[in-house]
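Below you'll find the structure, written out as structure tokens, and then a few comments.
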Amino acid sequence: MSGTEILVGYDGSPDSAVALRWALDEAARSGRPVRLVYVFEWATVVGW
């Protein structure tokens, strides 16, 4: 799969930090680029 990027999602959680570390390690081994997608949820307020 040389030449394909590694896509990893990150939301600040401990599990996403593990996924990011894995992706960066895999990229270093394989020479592939990493695309990081950061996710957050807007706080919503219902009613007055």
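By order in the structure tokens, chains are A, B, ...; within a chain, residues start at 1; ligands start at 1, following the order shown.
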For A:Ala27, work out the shell of residues within 12 Å, counting only C-alpha atoms and skipping chain neighbours fewer than 2 positions away, then give it as an MDAnalysis selection string. chainID A and resid 1:8 20:25 29:35
Filtering to N, CA and C atoms, could you give me those residues as an mmCIF file, in the first residue's frame?
```cif
data_model
loop_
_atom_site.group_PDB
_atom_site.id
_atom_site.type_symbol
_atom_site.label_atom_id
_atom_site.label_comp_id
_atom_site.auth_asym_id
_atom_site.auth_seq_id
_atom_site.Cartn_x
_atom_site.Cartn_y
_atom_site.Cartn_z
ATOM 1 N N MET A 1 0.812 -1.194 0.000
ATOM 2 C CA MET A 1 0.000 0.000 0.000
ATOM 3 C C MET A 1 0.850 1.250 0.000
ATOM 4 N N SER A 2 2.022 1.158 -0.509
ATOM 5 C CA SER A 2 2.884 2.324 -0.555
ATOM 6 C C SER A 2 2.249 3.413 -1.409
ATOM 7 N N GLY A 3 2.294 4.635 -0.922
ATOM 8 C CA GLY A 3 1.740 5.748 -1.664
ATOM 9 C C GLY A 3 0.366 6.171 -1.199
ATOM 10 N N THR A 4 -0.314 5.329 -0.429
ATOM 11 C CA THR A 4 -1.622 5.728 0.086
ATOM 12 C C THR A 4 -1.446 6.379 1.446
ATOM 13 N N GLU A 5 -2.255 7.382 1.704
ATOM 14 C CA GLU A 5 -2.119 8.078 2.977
ATOM 15 C C GLU A 5 -2.802 7.315 4.104
ATOM 16 N N ILE A 6 -2.406 7.637 5.315
ATOM 17 C CA ILE A 6 -3.010 7.071 6.511
ATOM 18 C C ILE A 6 -3.940 8.132 7.070
ATOM 19 N N LEU A 7 -5.209 7.811 7.183
ATOM 20 C CA LEU A 7 -6.211 8.739 7.704
ATOM 21 C C LEU A 7 -6.483 8.391 9.153
ATOM 22 N N VAL A 8 -6.381 9.395 10.036
ATOM 23 C CA VAL A 8 -6.644 9.158 11.455
ATOM 24 C C VAL A 8 -7.510 10.294 11.996
ATOM 25 N N LEU A 20 -3.534 8.192 16.956
ATOM 26 C CA LEU A 20 -2.612 9.135 16.320
ATOM 27 C C LEU A 20 -1.169 8.663 16.451
ATOM 28 N N ARG A 21 -0.794 8.195 17.638
ATOM 29 C CA ARG A 21 0.573 7.682 17.816
ATOM 30 C C ARG A 21 0.836 6.497 16.890
ATOM 31 N N TRP A 22 -0.159 5.599 16.780
ATOM 32 C CA TRP A 22 -0.002 4.453 15.886
ATOM 33 C C TRP A 22 0.180 4.929 14.442
ATOM 34 N N ALA A 23 -0.647 5.877 14.011
ATOM 35 C CA ALA A 23 -0.577 6.376 12.636
ATOM 36 C C ALA A 23 0.783 7.006 12.349
ATOM 37 N N LEU A 24 1.305 7.777 13.299
ATOM 38 C CA LEU A 24 2.609 8.410 13.086
ATOM 39 C C LEU A 24 3.730 7.374 13.051
ATOM 40 N N ASP A 25 3.650 6.360 13.905
ATOM 41 C CA ASP A 25 4.637 5.282 13.868
ATOM 42 C C ASP A 25 4.573 4.515 12.554
ATOM 43 N N ARG A 29 7.438 4.105 9.540
ATOM 44 C CA ARG A 29 7.893 2.807 9.020
ATOM 45 C C ARG A 29 7.684 2.684 7.524
ATOM 46 N N SER A 30 6.545 3.169 7.038
ATOM 47 C CA SER A 30 6.164 2.921 5.650
ATOM 48 C C SER A 30 6.479 4.072 4.699
ATOM 49 N N GLY A 31 6.775 5.264 5.252
ATOM 50 C CA GLY A 31 7.046 6.413 4.390
ATOM 51 C C GLY A 31 5.783 7.027 3.804
ATOM 52 N N ARG A 32 4.634 6.678 4.360
ATOM 53 C CA ARG A 32 3.364 7.211 3.856
ATOM 54 C C ARG A 32 2.986 8.481 4.610
ATOM 55 N N PRO A 33 2.257 9.374 3.958
ATOM 56 C CA PRO A 33 1.806 10.594 4.639
ATOM 57 C C PRO A 33 0.626 10.300 5.563
ATOM 58 N N VAL A 34 0.433 11.165 6.558
ATOM 59 C CA VAL A 34 -0.681 11.055 7.484
ATOM 60 C C VAL A 34 -1.614 12.238 7.267
ATOM 61 N N ARG A 35 -2.898 11.954 7.201
ATOM 62 C CA ARG A 35 -3.911 13.016 7.157
ATOM 63 C C ARG A 35 -4.666 12.938 8.479
#
```
List every residue of chain A that DSSP, applied to the backbone, labels as strand (DSSP E), and write the result as number ranges by chain. A: 6-10, 34-38
Create the file for the chosen residues now, containing N, CA and C atoms and written as a compact mmCIF listing (two decimals), in the first residue's frame.
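Once everything was written out, this is selection-v7.txt:
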```
# COMPACT_ATOMS: atom_id res chain seq x y z
N ILE A 6 -2.41 7.64 5.31
CA ILE A 6 -3.01 7.07 6.51
C ILE A 6 -3.94 8.13 7.07
N LEU A 7 -5.21 7.81 7.18
CA LEU A 7 -6.21 8.74 7.70
C LEU A 7 -6.48 8.39 9.15
N VAL A 8 -6.38 9.39 10.04
CA VAL A 8 -6.64 9.16 11.46
C VAL A 8 -7.51 10.29 12.00
N GLY A 9 -8.54 9.92 12.76
CA GLY A 9 -9.41 10.89 13.39
C GLY A 9 -8.95 11.18 14.81
N TYR A 10 -9.08 12.42 15.22
CA TYR A 10 -8.63 12.82 16.55
C TYR A 10 -9.69 13.72 17.18
N VAL A 34 0.43 11.17 6.56
CA VAL A 34 -0.68 11.06 7.48
C VAL A 34 -1.61 12.24 7.27
N ARG A 35 -2.90 11.95 7.20
CA ARG A 35 -3.91 13.02 7.16
C ARG A 35 -4.67 12.94 8.48
N LEU A 36 -4.61 14.02 9.24
CA LEU A 36 -5.26 14.09 10.55
C LEU A 36 -6.58 14.84 10.41
N VAL A 37 -7.64 14.24 10.94
CA VAL A 37 -8.96 14.87 10.94
C VAL A 37 -9.32 15.13 12.39
N TYR A 38 -9.49 16.40 12.74
CA TYR A 38 -9.83 16.79 14.11
C TYR A 38 -11.34 16.95 14.20
```
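Between atom CA of A:Trp42 and atom CA of A:Ser13 lies a distance of 15.8 Å.
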Please identify which residues in stretch 12-43 of chain A DSSP calls alpha helix (DSSP H) from the backbone, and express them as a count of residues only. 17
